[in-house]
file run_3.tsv (TSV, C-alpha atoms)
chain	number	residue	atom	x	y	z
T	1	MET	CA	-110.04	-118.57	-76.37
T	2	ALA	CA	-110.53	-114.83	-76.19
T	3	LYS	CA	-112.97	-113.23	-78.61
T	4	PRO	CA	-111.55	-110.64	-78.73
T	5	GLY	CA	-110.83	-109.56	-75.16
T	6	TYR	CA	-107.49	-109.84	-73.44
T	7	GLY	CA	-106.01	-112.51	-75.70
T	8	LYS	CA	-102.56	-113.76	-74.73
T	9	ARG	CA	-99.60	-112.81	-76.95
T	10	SER	CA	-96.12	-114.11	-76.14
T	11	ALA	CA	-93.31	-111.56	-76.14
T	12	PRO	CA	-89.87	-112.40	-77.57
T	13	ASP	CA	-86.51	-112.81	-75.75
T	14	GLN	CA	-87.77	-115.41	-73.28
T	15	LEU	CA	-85.50	-117.94	-71.61
T	16	PRO	CA	-86.36	-121.66	-71.84
T	17	ARG	CA	-88.91	-122.92	-69.34
T	18	THR	CA	-87.38	-124.36	-66.14
T	19	ARG	CA	-88.60	-125.45	-62.72
T	20	GLY	CA	-87.14	-122.33	-61.14
T	21	ASP	CA	-89.34	-119.92	-63.08
T	22	PHE	CA	-91.11	-117.36	-60.87
T	23	ALA	CA	-89.33	-118.72	-57.78
T	24	LEU	CA	-88.81	-115.22	-56.37
T	25	LEU	CA	-92.51	-114.34	-56.52
T	26	PRO	CA	-95.00	-114.88	-53.68
T	27	VAL	CA	-97.04	-118.08	-53.66
T	28	ARG	CA	-100.17	-116.60	-55.21
T	29	GLU	CA	-98.32	-114.74	-57.97
T	30	ARG	CA	-96.19	-117.81	-58.69
T	31	TYR	CA	-99.30	-119.95	-59.01
T	32	VAL	CA	-101.02	-117.52	-61.41
T	33	ALA	CA	-97.84	-116.93	-63.44
T	34	GLY	CA	-97.26	-120.66	-63.92
T	35	PHE	CA	-100.80	-121.11	-65.17
T	36	VAL	CA	-100.65	-118.13	-67.54
T	37	ASP	CA	-97.27	-119.23	-68.89
T	38	HIS	CA	-98.75	-122.57	-70.05
T	39	LEU	CA	-101.80	-121.00	-71.73
T	40	PRO	CA	-101.81	-121.16	-75.57
T	41	GLU	CA	-101.61	-118.15	-77.83
T	42	GLY	CA	-104.86	-116.19	-77.95
T	43	ALA	CA	-106.17	-117.60	-74.66
T	44	ALA	CA	-108.57	-115.47	-72.62
T	45	MET	CA	-106.73	-113.31	-70.09
T	46	SER	CA	-109.57	-111.43	-68.44
T	47	VAL	CA	-109.85	-111.60	-64.67
T	48	LYS	CA	-113.24	-113.31	-64.83
T	49	GLN	CA	-112.04	-116.06	-67.18
T	50	LEU	CA	-108.89	-116.72	-65.15
T	51	ALA	CA	-110.88	-116.89	-61.91
T	52	LYS	CA	-113.14	-119.54	-63.46
T	53	GLN	CA	-110.13	-121.74	-64.22
T	54	LEU	CA	-108.20	-121.14	-60.99
T	55	PRO	CA	-110.33	-122.43	-58.10
T	56	LEU	CA	-107.94	-121.32	-55.34
T	57	TYR	CA	-108.48	-117.57	-55.85
T	58	GLY	CA	-111.32	-115.23	-56.67
T	59	GLN	CA	-111.50	-112.35	-59.12
T	60	GLN	CA	-110.09	-109.79	-56.70
T	61	ALA	CA	-107.11	-112.01	-55.88
T	62	ILE	CA	-106.47	-112.72	-59.58
T	63	SER	CA	-106.60	-108.98	-60.35
T	64	SER	CA	-104.07	-108.24	-57.60
T	65	ALA	CA	-101.81	-111.06	-58.82
T	66	LEU	CA	-101.85	-109.75	-62.41
T	67	THR	CA	-101.01	-106.27	-61.14
T	68	ALA	CA	-98.06	-107.68	-59.21
T	69	LEU	CA	-96.90	-109.60	-62.29
T	70	SER	CA	-97.08	-106.37	-64.29
T	71	VAL	CA	-94.92	-104.59	-61.72
T	72	ALA	CA	-92.49	-107.52	-61.82
T	73	GLY	CA	-92.14	-107.07	-65.60
T	74	HIS	CA	-93.91	-110.19	-66.85
T	75	LEU	CA	-96.92	-108.71	-68.67
T	76	ARG	CA	-98.36	-105.59	-70.28
T	77	ARG	CA	-101.92	-104.98	-71.38
T	78	VAL	CA	-102.52	-102.96	-74.54
T	79	ARG	CA	-105.32	-101.87	-76.82
T	80	CYS	CA	-104.75	-102.60	-80.52
T	81	ALA	CA	-106.57	-100.93	-83.42
T	82	VAL	CA	-107.68	-103.55	-85.94
T	83	GLY	CA	-108.89	-102.77	-89.46
T	84	ALA	CA	-108.73	-99.58	-91.49
T	85	GLY	CA	-111.01	-96.66	-92.33
T	86	ASP	CA	-114.56	-96.99	-91.06
T	87	GLU	CA	-113.94	-100.59	-90.00
T	88	THR	CA	-111.41	-99.73	-87.28
T	89	ARG	CA	-112.14	-101.19	-83.85
T	90	TRP	CA	-110.14	-101.63	-80.65
T	91	VAL	CA	-109.32	-105.06	-79.25
T	92	PHE	CA	-107.40	-105.98	-76.11
T	93	ARG	CA	-104.19	-107.98	-75.93
T	94	THR	CA	-102.05	-109.12	-73.00
T	95	PHE	CA	-98.37	-109.47	-73.88
T	96	TRP	CA	-96.77	-112.09	-71.66
T	97	SER	CA	-93.10	-112.83	-71.01
T	98	ARG	CA	-91.78	-115.67	-68.87
T	99	THR	CA	-88.60	-113.66	-68.46
T	100	ALA	CA	-89.11	-110.40	-66.56
T	101	HIS	CA	-88.14	-107.21	-68.44
T	102	ASP	CA	-87.74	-103.63	-67.32
T	103	ASN	CA	-89.79	-100.65	-68.46
T	104	GLU	CA	-87.29	-99.61	-71.16
T	105	TRP	CA	-87.46	-103.04	-72.79
T	106	TRP	CA	-91.26	-103.01	-72.81
T	107	GLN	CA	-91.37	-99.49	-74.25
T	108	THR	CA	-89.01	-100.49	-77.06
T	109	TYR	CA	-90.94	-103.66	-77.81
T	110	LEU	CA	-94.36	-101.96	-77.86
T	111	ALA	CA	-92.97	-99.17	-80.05
T	112	ALA	CA	-91.78	-101.81	-82.53
T	113	GLU	CA	-95.20	-103.49	-82.41
T	114	HIS	CA	-96.86	-100.14	-83.08
T	115	ALA	CA	-94.59	-99.47	-86.05
T	116	ALA	CA	-95.26	-102.94	-87.47
T	117	ASN	CA	-99.03	-102.53	-87.15
T	118	ALA	CA	-98.92	-99.04	-88.67
T	119	VAL	CA	-96.97	-100.25	-91.72
T	120	SER	CA	-98.72	-103.58	-92.30
T	121	PRO	CA	-101.97	-103.94	-90.37
T	122	ALA	CA	-103.29	-107.43	-89.93
T	123	PRO	CA	-105.27	-108.40	-93.03
T	124	ASP	CA	-108.77	-109.70	-92.75
T	125	ALA	CA	-109.43	-113.38	-93.22
T	126	SER	CA	-111.58	-112.65	-96.26
T	127	ALA	CA	-108.69	-110.86	-97.97
T	128	THR	CA	-106.32	-113.82	-97.58
T	129	ASP	CA	-108.79	-116.51	-98.59
T	130	THR	CA	-107.65	-117.90	-101.93
T	131	THR	CA	-110.42	-120.50	-102.28
T	132	PRO	CA	-112.16	-119.95	-105.62
T	133	PRO	CA	-115.86	-119.13	-105.43
T	134	PRO	CA	-118.29	-121.98	-106.22
T	135	TRP	CA	-119.21	-120.57	-109.61
T	136	VAL	CA	-115.63	-120.77	-110.95
T	137	PRO	CA	-115.20	-124.01	-112.93
T	138	ALA	CA	-112.39	-126.32	-111.98
T	139	GLU	CA	-109.41	-126.55	-114.27
T	140	GLU	CA	-109.62	-129.48	-116.69
T	141	PRO	CA	-106.62	-131.84	-116.81
T	142	PRO	CA	-104.71	-131.95	-120.10
T	143	PRO	CA	-105.79	-134.77	-122.47
T	144	ALA	CA	-103.71	-137.95	-122.32
T	145	PRO	CA	-101.64	-138.79	-125.44
T	146	GLU	CA	-103.32	-141.28	-127.73
T	147	ASP	CA	-101.78	-144.77	-128.01
T	148	PRO	CA	-102.48	-146.48	-131.38
T	149	GLY	CA	-101.85	-149.93	-129.89
T	150	MET	CA	-104.47	-149.62	-127.20
T	151	GLU	CA	-108.14	-148.90	-127.36
T	152	GLN	CA	-109.10	-145.52	-126.09
T	153	ALA	CA	-110.70	-145.78	-122.67
T	154	ALA	CA	-114.25	-144.67	-122.29
T	155	PRO	CA	-114.44	-141.13	-120.95
T	156	GLN	CA	-115.54	-140.70	-117.37
T	157	PRO	CA	-119.00	-139.22	-116.94
T	158	THR	CA	-118.92	-135.58	-115.93
T	159	ALA	CA	-121.61	-133.95	-113.85
T	160	VAL	CA	-123.07	-131.21	-116.01
T	161	PRO	CA	-126.41	-129.41	-115.83
T	162	HIS	CA	-129.20	-131.11	-117.75
T	163	GLN	CA	-130.14	-129.19	-120.87
T	164	ARG	CA	-133.39	-129.43	-122.77
T	165	THR	CA	-132.53	-130.26	-126.37
T	166	PRO	CA	-134.81	-131.65	-129.06
T	167	ALA	CA	-134.58	-135.38	-129.67
T	168	GLN	CA	-132.60	-136.45	-132.75
T	169	ALA	CA	-132.04	-139.72	-134.52
T	170	PRO	CA	-128.77	-141.50	-133.66
T	171	ASP	CA	-127.37	-141.15	-137.21
T	172	ALA	CA	-128.80	-137.75	-137.94
T	173	GLU	CA	-126.33	-134.94	-138.42
T	174	PRO	CA	-127.00	-131.53	-136.91
T	175	ALA	CA	-128.65	-129.20	-139.36
T	176	PRO	CA	-126.50	-126.23	-140.41
T	177	LEU	CA	-127.43	-122.92	-138.93
T	178	ALA	CA	-129.14	-120.42	-141.12
T	179	PRO	CA	-127.32	-117.17	-141.81
T	180	ASP	CA	-129.81	-115.26	-139.67
T	181	THR	CA	-129.45	-117.65	-136.74
T	182	ALA	CA	-125.67	-117.45	-136.35
T	183	PRO	CA	-124.56	-117.40	-132.70
T	184	ALA	CA	-124.37	-113.88	-131.40
T	185	ALA	CA	-121.14	-112.54	-129.99
T	186	PRO	CA	-120.95	-112.73	-126.19
T	187	GLN	CA	-122.09	-109.56	-124.53
T	188	PRO	CA	-119.63	-107.91	-122.13
T	189	CYS	CA	-120.44	-108.14	-118.43
T	190	GLU	CA	-122.27	-105.19	-116.98
T	191	ALA	CA	-119.92	-102.87	-115.14
T	192	THR	CA	-120.28	-102.61	-111.36
T	193	PRO	CA	-121.91	-99.33	-110.33
T	194	SER	CA	-119.58	-96.83	-108.71
T	195	PRO	CA	-119.97	-95.77	-105.05
T	196	ALA	CA	-121.21	-92.37	-106.20
T	197	TYR	CA	-123.92	-93.97	-108.34
T	198	LEU	CA	-125.00	-96.26	-105.50
T	199	ALA	CA	-125.15	-93.32	-103.10
T	200	LEU	CA	-127.48	-91.44	-105.43
T	201	ALA	CA	-129.60	-94.55	-105.91
T	202	ARG	CA	-130.01	-94.81	-102.13
T	203	LEU	CA	-131.47	-91.32	-101.79
T	204	GLY	CA	-134.97	-92.49	-102.68
T	205	HIS	CA	-134.75	-95.26	-100.08
T	206	GLU	CA	-133.49	-92.88	-97.40
T	207	ASP	CA	-136.15	-90.25	-98.11
T	208	HIS	CA	-139.14	-90.71	-100.44
T	209	ARG	CA	-138.98	-87.04	-101.46
T	210	LEU	CA	-135.78	-87.63	-103.48
T	211	PRO	CA	-136.58	-90.46	-105.91
T	212	LEU	CA	-134.03	-90.53	-108.74
T	213	SER	CA	-134.24	-92.63	-111.87
T	214	ALA	CA	-131.35	-94.53	-113.39
T	215	ASP	CA	-130.77	-91.74	-115.91
T	216	ASP	CA	-130.82	-89.15	-113.12
T	217	CYS	CA	-128.19	-91.10	-111.15
T	218	ALA	CA	-125.98	-91.40	-114.25
T	219	ASP	CA	-126.35	-87.66	-114.90
T	220	LEU	CA	-125.39	-86.69	-111.33
T	221	GLU	CA	-122.70	-89.34	-110.88
T	222	PRO	CA	-119.73	-87.07	-111.82
T	223	GLN	CA	-120.74	-84.46	-109.24
T	224	ALA	CA	-121.20	-87.08	-106.51
T	225	ALA	CA	-117.85	-88.65	-107.42
T	226	GLU	CA	-116.21	-85.26	-106.88
T	227	TRP	CA	-117.56	-85.27	-103.32
T	228	LEU	CA	-116.08	-88.69	-102.64
T	229	ALA	CA	-112.78	-87.61	-104.20
T	230	ARG	CA	-112.56	-84.86	-101.57
T	231	GLY	CA	-112.42	-87.39	-98.76
T	232	VAL	CA	-116.03	-87.65	-97.58
T	233	SER	CA	-117.78	-90.98	-97.04
T	234	VAL	CA	-120.91	-92.26	-98.73
T	235	ASP	CA	-122.93	-91.84	-95.53
T	236	TYR	CA	-121.79	-88.22	-95.25
T	237	LEU	CA	-122.84	-87.57	-98.84
T	238	ILE	CA	-126.30	-89.06	-98.30
T	239	SER	CA	-126.88	-87.20	-95.03
T	240	ALA	CA	-125.80	-83.89	-96.62
T	241	LEU	CA	-128.23	-84.34	-99.50
T	242	THR	CA	-131.17	-85.46	-97.34
T	243	ALA	CA	-130.75	-83.06	-94.39
T	244	GLY	CA	-133.33	-80.28	-93.98
T	245	LEU	CA	-135.54	-81.17	-96.93
T	246	PRO	CA	-138.61	-79.04	-97.62
T	247	ALA	CA	-142.06	-80.52	-97.21
T	248	GLN	CA	-142.30	-81.24	-100.94
T	249	VAL	CA	-139.63	-81.53	-103.64
T	250	ASP	CA	-141.08	-80.91	-107.10
T	251	THR	CA	-137.98	-81.73	-109.17
T	252	PRO	CA	-135.65	-84.13	-107.32
T	253	LEU	CA	-133.08	-84.05	-110.15
T	254	GLY	CA	-132.66	-80.27	-110.07
T	255	PHE	CA	-132.81	-80.17	-106.27
T	256	VAL	CA	-130.02	-82.75	-105.84
T	257	ARG	CA	-127.92	-81.10	-108.57
T	258	ARG	CA	-128.21	-77.74	-106.80
T	259	ARG	CA	-127.19	-79.24	-103.45
T	260	LEU	CA	-124.25	-81.08	-104.98
T	261	THR	CA	-123.05	-77.74	-106.37
T	262	ASP	CA	-123.73	-75.47	-103.38
T	263	LYS	CA	-122.74	-77.77	-100.51
T	264	ILE	CA	-119.62	-79.38	-101.96
T	265	PRO	CA	-117.04	-79.81	-99.14
T	266	PRO	CA	-113.55	-78.27	-99.29
T	267	ARG	CA	-110.70	-80.31	-100.65
T	268	ILE	CA	-108.46	-81.55	-97.84
T	269	PRO	CA	-104.82	-81.93	-98.91
T	270	THR	CA	-103.47	-85.44	-98.44
T	271	THR	CA	-100.05	-86.34	-97.08
T	272	ALA	CA	-98.70	-86.93	-100.57
T	273	SER	CA	-99.76	-83.45	-101.75
T	274	THR	CA	-98.12	-81.59	-98.86
T	275	SER	CA	-94.77	-79.97	-99.34
T	276	PRO	CA	-91.67	-81.80	-98.05
T	277	GLY	CA	-91.01	-79.18	-95.38
T	278	THR	CA	-94.56	-79.21	-94.02
T	279	PRO	CA	-95.00	-81.69	-91.18
T	280	GLY	CA	-97.82	-84.11	-91.84
T	281	PRO	CA	-100.51	-85.11	-89.35
T	282	ASP	CA	-99.51	-87.36	-86.50
T	283	PRO	CA	-100.10	-91.01	-87.37
T	284	THR	CA	-102.88	-92.76	-85.52
T	285	ARG	CA	-101.48	-94.96	-82.81
T	286	ARG	CA	-102.56	-98.55	-83.39
T	287	ILE	CA	-101.26	-99.78	-80.01
T	288	LEU	CA	-102.20	-98.09	-76.74
T	289	MET	CA	-101.14	-99.56	-73.41
T	290	GLU	CA	-103.57	-99.60	-70.51
T	291	CYS	CA	-103.14	-99.80	-66.77
T	292	THR	CA	-103.12	-103.40	-65.57
T	293	ASP	CA	-105.03	-102.50	-62.43
T	294	CYS	CA	-107.73	-100.03	-63.48
T	295	GLY	CA	-107.60	-100.23	-67.30
T	296	ARG	CA	-106.86	-96.53	-67.87
T	297	PRO	CA	-105.25	-96.10	-71.34
T	298	GLY	CA	-102.03	-94.22	-71.92
T	299	GLN	CA	-98.69	-94.22	-73.69
T	300	PRO	CA	-96.13	-96.84	-72.61
T	301	GLU	CA	-93.75	-94.20	-71.27
T	302	ALA	CA	-96.53	-92.77	-69.09
T	303	LEU	CA	-97.33	-96.16	-67.49
T	304	PRO	CA	-94.15	-97.49	-65.86
T	305	ASP	CA	-94.59	-101.00	-64.47
T	306	GLY	CA	-97.82	-101.11	-66.49
T	307	LEU	CA	-99.63	-98.92	-63.93
T	308	CYS	CA	-101.03	-95.41	-64.02
T	309	ARG	CA	-99.96	-92.88	-61.40
T	310	PRO	CA	-102.84	-93.42	-58.91
T	311	CYS	CA	-102.46	-97.21	-59.04
T	312	ARG	CA	-98.68	-96.97	-58.86
T	313	THR	CA	-98.98	-94.78	-55.77
T	314	THR	CA	-101.24	-97.34	-54.13
T	315	HIS	CA	-98.91	-100.25	-54.80
T	316	ARG	CA	-95.68	-98.33	-54.10
T	317	PRO	CA	-96.16	-96.31	-50.89
T	318	ASP	CA	-92.62	-94.94	-50.97
T	319	THR	CA	-93.64	-92.14	-53.36
T	320	TYR	CA	-94.44	-88.58	-52.31
T	321	ASP	CA	-98.15	-89.13	-52.76
T	322	ALA	CA	-98.18	-92.28	-50.60
T	323	PRO	CA	-101.17	-92.74	-48.30
T	324	ILE	CA	-100.72	-92.22	-44.56
T	325	HIS	CA	-99.61	-95.29	-42.64
T	326	PRO	CA	-102.36	-96.79	-40.41
T	327	THR	CA	-100.31	-96.27	-37.23
T	328	GLU	CA	-99.74	-92.61	-38.08
T	329	ALA	CA	-103.45	-92.19	-38.79
T	330	ALA	CA	-104.25	-93.61	-35.34
T	331	ASP	CA	-101.82	-91.18	-33.68
T	332	ILE	CA	-103.35	-88.24	-35.53
T	333	LYS	CA	-106.84	-89.33	-34.48
T	334	ALA	CA	-105.79	-89.61	-30.82
T	335	ARG	CA	-104.13	-86.18	-30.95
T	336	MET	CA	-107.27	-84.57	-32.39
T	337	THR	CA	-109.34	-86.18	-29.63
T	338	ASP	CA	-107.07	-84.66	-26.99
T	339	LEU	CA	-107.34	-81.24	-28.61
T	340	ARG	CA	-111.13	-81.45	-28.61
T	341	GLY	CA	-111.07	-82.38	-24.92
T	342	LEU	CA	-108.90	-79.37	-24.11
T	343	LEU	CA	-111.24	-77.04	-25.99
T	344	LYS	CA	-114.23	-78.34	-24.05
T	345	SER	CA	-112.51	-77.80	-20.69
T	346	VAL	CA	-111.73	-74.14	-21.41
call {"tool": "encode", "arguments": {"input": "run_3.tsv", "output": "structure tokens"}}
result
Amino acid sequence: MAKPGYGKRSAPDQLPRTRGDFALLPVRERYVAGFVDHLPEGAAMSVKQLAKQLPLYGQQAISSALTALSVAGHLRRVRCAVGAGDETRWVFRTFWSRTAHDNEWWQTYLAAEHAANAVSPAPDASATDTTPPPWVPAEEPPPAPEDPGMEQAAPQPTAVPHQRTPAQAPDAEPAPLAPDTAPAAPQPCEATPSPAYLALARLGHEDHRLPLSADDCADLEPQAAEWLARGVSVDYLISALTAGLPAQVDTPLGFVRRRLTDKIPPRIPTTASTSPGTPGPDPTRRILMECTDCGRPGQPEALPDGLCRPCRTTHRPDTYDAPIHPTEAADIKARMTDLRGLLKSV
């Protein structure tokens, strides 16, 4: 299985599998296509991994076969953005179709995939895990109704932590609590510190010249929160406060307060705050197709047959930029040799 490079993803609108699939392809491409078609979802699709599993061909032959399959309309390689914010990373996917499709179909399909990823990106596994943490007690079953005609069954022993309690006589009743020893009301859980508070608390760890106490962090927390509300990250806030420090800081509290006031970043308007007539920023593309041959990224409409222009020129010599035919090159070389001979004889 791919982790995470070049994982296989099956495209829709495929005909049922038959013996005549890929019959019009050459022998090598038909062999590679039949193997790829039977791979499971998420299987590794890199040239090196396929060459390890196909003993008849090497990496160069597998790469050429995949390029031919891309030109035939069976596959497209793309780069997908996974995650959001600072956690965004690019992974590679190979969309495979048993049924060949033209460039317009692939462009429409990849545009739909891009729109689906932009609206609802794939959630992380941790976000969808509904297993309760180990410290959450299990729900107790409701008590069974009592039956006067039957003796009540002995309760099942329950595993509970052992508690140290003073020994008492079997018939002794618990002594009543004194008024001063009444059970205290449960204290509320301590609130989780905000990102602004944690950023200020990290200043002393990042640079020993800015040690702040808990009271100092609570005092400066509103100013730091204003920075984060303007769209900057915690790392940006820390680097702005610790950059270019003097050799000695006498009062870290006053120094940090002054920097929070003087170096506050400008407020960047969000998409929701812009006027309806103002065009918003272009959305980040979460799917970017790449050339099947050389891996150069580009938009789907700029990579017909899944190939960039230089690779497409190499594989389709009928274009204007086609390389010179070997026989024509030999004729040109012979003609130049004759011209050099004539120049020497003059």
call {"tool": "closest_atom_pairs", "arguments": {"input": "run_3.tsv", "of": "segment 55-110 of chain T", "to": "segment 27-32 of chain T", "cutoff": "8 Å", "atoms": "all atoms listed in the file", "output": "tab-separated table"}}
result
residue	atom	partner	partner_atom	distance
T:Ile62	CA	T:Val32	CA	7.5
T:Ala65	CA	T:Glu29	CA	5.1
T:Leu66	CA	T:Glu29	CA	7.6
T:Ala68	CA	T:Glu29	CA	7.2
T:Leu69	CA	T:Glu29	CA	6.9
call {"tool": "atom_distance", "arguments": {"input": "run_3.tsv", "atom1": "atom CA of Ser10 of chain T", "atom2": "atom CA of Gln299 of chain T"}}
result
20.2 Å
call {"tool": "closest_residue", "arguments": {"input": "run_3.tsv", "among": "T:Leu50, T:Met1, T:Glu290, T:Asp207", "to": "Ala247 of chain T", "atoms": "all atoms listed in the file"}}
result
T:Asp207
call {"tool": "closest_residue", "arguments": {"input": "run_3.tsv", "among": "T:Gly34, T:Pro55, T:Pro300, T:Pro16", "to": "Arg79 of chain T", "atoms": "all atoms listed in the file"}}
result
T:Pro300
call {"tool": "residues_around", "arguments": {"input": "run_3.tsv", "residues": "Leu15 of chain T", "least_positions_apart": "4", "cutoff": "12 Å", "atoms": "all atoms listed in the file", "output": "MDAnalysis selection string"}}
result
chainID T and resid 11 20:21 97:101
call {"tool": "residues_near_point", "arguments": {"input": "run_3.tsv", "point": "(-97.6, -106.5, -64.8)", "cutoff": "12 Å", "atoms": "only C-alpha atoms", "output": "PyMOL selection string"}}
result
chain T and resi 29+33+63-78+94-98+100-103+106+289-293+303-308+311-312+315
call {"tool": "residues_around", "arguments": {"input": "run_3.tsv", "residues": "segment 229-238 of chain T", "least_positions_apart": "6", "cutoff": "12 Å", "atoms": "all atoms listed in the file", "output": "NGL selection string"}}
result
:T and (85-86 or 194-207 or 210 or 222-223 or 256 or 259-260 or 263-270)
call {"tool": "build_atoms", "arguments": {"input": "run_3.tsv", "residues": "segment 57-70 of chain T", "atoms": "N, CA and C atoms", "output": "compact mmCIF listing (two decimals), keeping the file's coordinate frame"}}
result
# COMPACT_ATOMS: atom_id res chain seq x y z
N TYR T 57 -108.40 -119.01 -56.06
CA TYR T 57 -108.48 -117.57 -55.85
C TYR T 57 -109.70 -117.01 -56.58
N GLY T 58 -110.22 -115.92 -56.04
CA GLY T 58 -111.32 -115.23 -56.67
C GLY T 58 -110.86 -114.15 -57.62
N GLN T 59 -111.83 -113.37 -58.13
CA GLN T 59 -111.50 -112.35 -59.12
C GLN T 59 -110.62 -111.25 -58.54
N GLN T 60 -110.90 -110.85 -57.30
CA GLN T 60 -110.09 -109.79 -56.70
C GLN T 60 -108.65 -110.24 -56.50
N ALA T 61 -108.46 -111.49 -56.06
CA ALA T 61 -107.11 -112.01 -55.88
C ALA T 61 -106.38 -112.15 -57.21
N ILE T 62 -107.08 -112.59 -58.25
CA ILE T 62 -106.47 -112.72 -59.58
C ILE T 62 -106.07 -111.35 -60.10
N SER T 63 -106.93 -110.33 -59.90
CA SER T 63 -106.60 -108.98 -60.35
C SER T 63 -105.36 -108.46 -59.64
N SER T 64 -105.26 -108.69 -58.33
CA SER T 64 -104.07 -108.24 -57.60
C SER T 64 -102.83 -108.99 -58.05
N ALA T 65 -102.96 -110.28 -58.36
CA ALA T 65 -101.81 -111.06 -58.82
C ALA T 65 -101.32 -110.56 -60.18
N LEU T 66 -102.25 -110.26 -61.10
CA LEU T 66 -101.85 -109.75 -62.41
C LEU T 66 -101.17 -108.39 -62.29
N THR T 67 -101.65 -107.57 -61.36
CA THR T 67 -101.01 -106.27 -61.14
C THR T 67 -99.58 -106.46 -60.63
N ALA T 68 -99.40 -107.41 -59.71
CA ALA T 68 -98.06 -107.68 -59.21
C ALA T 68 -97.15 -108.23 -60.30
N LEU T 69 -97.70 -109.07 -61.18
CA LEU T 69 -96.90 -109.60 -62.29
C LEU T 69 -96.53 -108.49 -63.28
N SER T 70 -97.41 -107.51 -63.44
CA SER T 70 -97.08 -106.37 -64.29
C SER T 70 -95.95 -105.55 -63.70
